[in-house]
Amino acid sequence: ERALLDVQDLRVSFGEGPRARPALDGVSFSVRPGKTLAIVGESGCGKSLTALSIMRLLPTPPARITGGRILFDRGDGPALDLASADRRTMRRLRGKDIAMIFQEPMTALDPVYPIGDQIGEVLVEHEGLSRKDALARAVELLRLVGVPSPEERARQYPHEFSGGMRQRAVIAIALACEPALLIADEPTTALDVTVQAQVLRLMRDIQQRFASSILFITHDMGVVGQMADEVVVMYLGQVVEEGPVSAVLSRPAHPYSQGLIASIPTLDMPRDRVLQPISGMVPPIGSITTGCRFRTRCPHAMEICRRDPPKVTTPAGNSASCWLVEEST
Ligand code: SF4
Ligand code: MG
C-alpha cells in the first residue's frame with residue numbers, strides 16, 4: 001500500500017565538522033493515507049525534531065538534515081523528497097498539503113489580527129479566495145471545530161479566546177486547505193485535562209470527516225491508545241519500537257516502551273502515587289552514539305548492550321531494537 005509519508009533513514013545533526021552531534025540517527029517510519037501514526041517518547045528524544053524536519057522548519061544552523069529521505073506522495077504524481085525540496089516548494093506545501101499544530105497555540109496565532117482574518121489568510125494565499133469568501137469560510141471552519149457563535153468569534157482577537165478555544169482556532173487554520181497530512185506536536189499538553197479530552201475528541205472527528213492522515217506527537221502512551229492506529233517509540237534520536245497500537249500497548253517488547261506504558265496514569269491509582277517507572281533522565285541528545293542508547297537507564301542492561309541491538313519483529317507484529325527481544329524469540 002502507498003505511504004503518504006515515508007521517512008527513510010533520516011539523519012539530523014547539530015553543529016558541523018568533528019564537533020557535530022547526531023540528533024536523529026536513522027529514523028524511519030511511514031504514515032498511510034487516512035491513518036494516524038503516533039510518535040511517542042519523553043521530551044528530548046527527537047520527536048519535535050522529526051516533525052520540524054518534515055516541515056523543513058529546523059533551526060538552521062545549528063540543526064541540519066545530513067542524510068535520508070522524506071518522501072511525500074499524494075498519489076497524484078511522483079513522490080517528492082522533502083529532505084531535499086527547495087524553499088519555494090516547501091512554502092507551497094506548508095499550510096496547504098501539510099499543516100502543523102504546535103503545543104502552544106499562541107505561537108501559531110498573531111496577537112494583532114482577528115481570528116477570522118488569520119484563518120481566511122491561509123485561504124487567500126493558498127486557494128486564491130477573495131477576502132469576503134475567505135472570511136465566510138473561516139466562520140464555517142470555526143463552527144466545524146466547535147467554536148460557539150463563530151460569526152462573533154471570527155471578529156475577536158486571540159487574547160479573547162480561552163486556551164482550548166485558541167487551540168480549536170489553530171486547528172481551524174490547519175484544516176483550512178484540507179491538508180493530506182496534519183502534524184500535531186503535543187497539541188493538548190498545554191491544556192487542562194477536561195479541555196484536553198475535548199480537543200482529542202475533535203481531532204478524532206476531523207480524521208473521520210476529512211480522512212486525513214495525522215502524525216501525532218505525544219509523550220503520553222495513554223493518548224496514543226486513544227488516537228493512533230500505529231505507533232513509533234523514539235528514544236534519543238532513534239526508533240526503538242514500532243507497530244500497530246494494539247500490539248505495542250498489549251505486548252510492548254522494548255524495555256523503554258514498557259516503561260512508558262507503566263507510566264500511564266490509571267483511575268484507580270492512589271492520588272499520591274508518583275509515576276516514575278523509568279529511572280533517570282533522557283541524556284543530552286547526541287551524548288550516547290553507539291550501542292543501545294537506552295542502556296544507561298535500562299533495568300535489564302547487559303554487557304552486549306554496548307553493541308547496536310538488532311531489530312526484531314515479534315509474533316504480535318511489533319518490531320523492537322533490543323538484545324533481550326532477540327534472546328526471547
Ligand atoms: Fe535494555 Fe539492552 Fe534492550 Fe537496550 S538492548 S533496551 S539496554 S536490554
Ligand atoms: Mg517536543
# chains A, B, ... in the order shown; residues from 1 in each chain; ligands from 1
$ residues_around --residues "Ser28 of chain A" --least-positions-apart "4" --cutoff "8 Å" --atoms "only C-alpha atoms" --output "VMD selection string"
chain A and resid 6 to 10 239
$ residues_near_ligand --ligand "ligand 1" --cutoff "8 Å" --atoms "only C-alpha atoms and all ligand atoms" --output "list of chain:residue names"
A:His254, A:Pro255, A:Tyr256, A:Gly291, A:Cys292, A:Arg293, A:Phe294, A:Arg295, A:Thr296, A:Arg297, A:Cys298, A:Pro299, A:His300, A:Ala301, A:Met302, A:Ile304, A:Cys305, A:Arg306, A:Asp308, A:Pro309, A:Ser321, A:Cys322, A:Trp323, A:Leu324, A:Val325
$ residues_around --residues "Leu5 of chain A" --least-positions-apart "4" --cutoff "6 Å" --atoms "only C-alpha atoms" --output "short mmCIF file (atom, residue, chain, number, x, y, z; two decimals) with C-alpha atoms, in the first residue's frame"
data_model
loop_
_atom_site.label_atom_id
_atom_site.label_comp_id
_atom_site.auth_asym_id
_atom_site.auth_seq_id
_atom_site.Cartn_x
_atom_site.Cartn_y
_atom_site.Cartn_z
CA SER A 30 5.65 5.68 7.27
CA VAL A 31 2.22 7.22 7.55
CA LEU A 71 9.05 11.01 0.65
CA PHE A 72 5.68 12.71 0.40
#
$ residues_near_ligand --ligand "ligand 2" --cutoff "6 Å" --atoms "only C-alpha atoms and all ligand atoms" --output "VMD selection string"
chain A and resid 43 47 to 48
$ residues_around --residues "segment 92-103 of chain A" --least-positions-apart "5" --cutoff "8 Å" --atoms "only C-alpha atoms" --output "number ranges by chain"
A: 55, 108, 122, 126, 170-171, 174-190
$ write_last_selection --atoms "C-alpha atoms" --output "short mmCIF file (atom, residue, chain, number, x, y, z; two decimals), in the first residue's frame"
data_model
loop_
_atom_site.label_atom_id
_atom_site.label_comp_id
_atom_site.auth_asym_id
_atom_site.auth_seq_id
_atom_site.Cartn_x
_atom_site.Cartn_y
_atom_site.Cartn_z
CA MET A 55 8.16 20.65 7.65
CA ALA A 108 0.71 29.92 15.75
CA VAL A 122 -4.48 30.85 4.53
CA HIS A 126 -3.17 29.07 -0.98
CA VAL A 170 -5.34 26.79 15.33
CA ILE A 171 -6.89 23.51 14.23
CA ALA A 174 -4.59 23.85 9.89
CA LEU A 175 -7.72 22.39 8.29
CA ALA A 176 -8.46 25.37 6.06
CA CYS A 177 -6.94 23.83 2.92
CA GLU A 178 -7.85 20.23 3.84
CA PRO A 179 -4.22 19.09 4.06
CA ALA A 180 -3.37 15.49 3.24
CA LEU A 181 -1.14 15.38 6.30
CA LEU A 182 -1.72 17.00 9.66
CA ILE A 183 1.21 17.04 12.07
CA ALA A 184 0.18 17.65 15.68
CA ASP A 185 3.03 18.16 18.16
CA GLU A 186 1.69 17.68 21.69
CA PRO A 187 -1.46 19.63 20.72
CA THR A 188 -3.14 19.18 24.10
CA THR A 189 -0.22 19.25 26.51
CA ALA A 190 -0.68 22.92 27.40
#
$ atom_distance --atom1 "atom CA of Thr289 of chain A" --atom2 "atom CA of Ile264 of chain A"
28.7 Å
$ select_by_dssp --residues "segment 123-250 of chain A" --states "strand (DSSP E or B)" --output "NGL selection string"
:A and (181-185 or 213-218 or 230-235 or 238-244)
$ write_last_selection --atoms "C-alpha atoms" --output "mmCIF file, in the first residue's frame"
data_model
loop_
_atom_site.group_PDB
_atom_site.id
_atom_site.type_symbol
_atom_site.label_atom_id
_atom_site.label_comp_id
_atom_site.auth_asym_id
_atom_site.auth_seq_id
_atom_site.Cartn_x
_atom_site.Cartn_y
_atom_site.Cartn_z
ATOM 1 C CA LEU A 181 -1.136 15.377 6.303
ATOM 2 C CA LEU A 182 -1.720 17.003 9.657
ATOM 3 C CA ILE A 183 1.209 17.045 12.072
ATOM 4 C CA ALA A 184 0.183 17.649 15.677
ATOM 5 C CA ASP A 185 3.034 18.162 18.158
ATOM 6 C CA SER A 213 -3.537 11.348 7.800
ATOM 7 C CA ILE A 214 -2.278 12.509 11.153
ATOM 8 C CA LEU A 215 1.215 12.375 12.588
ATOM 9 C CA PHE A 216 0.508 12.732 16.274
ATOM 10 C CA ILE A 217 3.363 13.531 18.619
ATOM 11 C CA THR A 218 2.955 12.920 22.335
ATOM 12 C CA GLU A 230 0.234 2.797 14.620
ATOM 13 C CA VAL A 231 2.946 3.932 16.981
ATOM 14 C CA VAL A 232 6.641 4.690 16.763
ATOM 15 C CA VAL A 233 8.515 4.806 20.067
ATOM 16 C CA MET A 234 11.546 7.100 19.973
ATOM 17 C CA TYR A 235 14.453 7.260 22.361
ATOM 18 C CA GLN A 238 16.235 6.608 17.268
ATOM 19 C CA VAL A 239 13.150 4.477 16.769
ATOM 20 C CA VAL A 240 13.299 1.720 19.395
ATOM 21 C CA GLU A 241 9.941 0.086 18.726
ATOM 22 C CA GLU A 242 7.124 0.372 16.219
ATOM 23 C CA GLY A 243 3.964 -1.431 15.288
ATOM 24 C CA PRO A 244 0.168 -1.437 15.471
#
$ select_by_dssp --residues "segment 123-288 of chain A" --states "helix (DSSP H, G or I)" --output "JSON, numbers by chain"
{"A": [123, 124, 125, 126, 127, 131, 132, 133, 134, 135, 136, 137, 138, 139, 140, 141, 142, 143, 144, 150, 151, 152, 153, 154, 158, 159, 160, 163, 164, 165, 166, 167, 168, 169, 170, 171, 172, 173, 174, 175, 193, 194, 195, 196, 197, 198, 199, 200, 201, 202, 203, 204, 205, 206, 207, 208, 209, 210, 221, 222, 223, 224, 225, 226, 227, 245, 246, 247, 248, 249, 250, 255, 256, 257, 258, 259, 260, 261, 262]}
$ atom_distance --atom1 "atom CA of Leu236 of chain A" --atom2 "atom CA of Pro105 of chain A"
26.4 Å
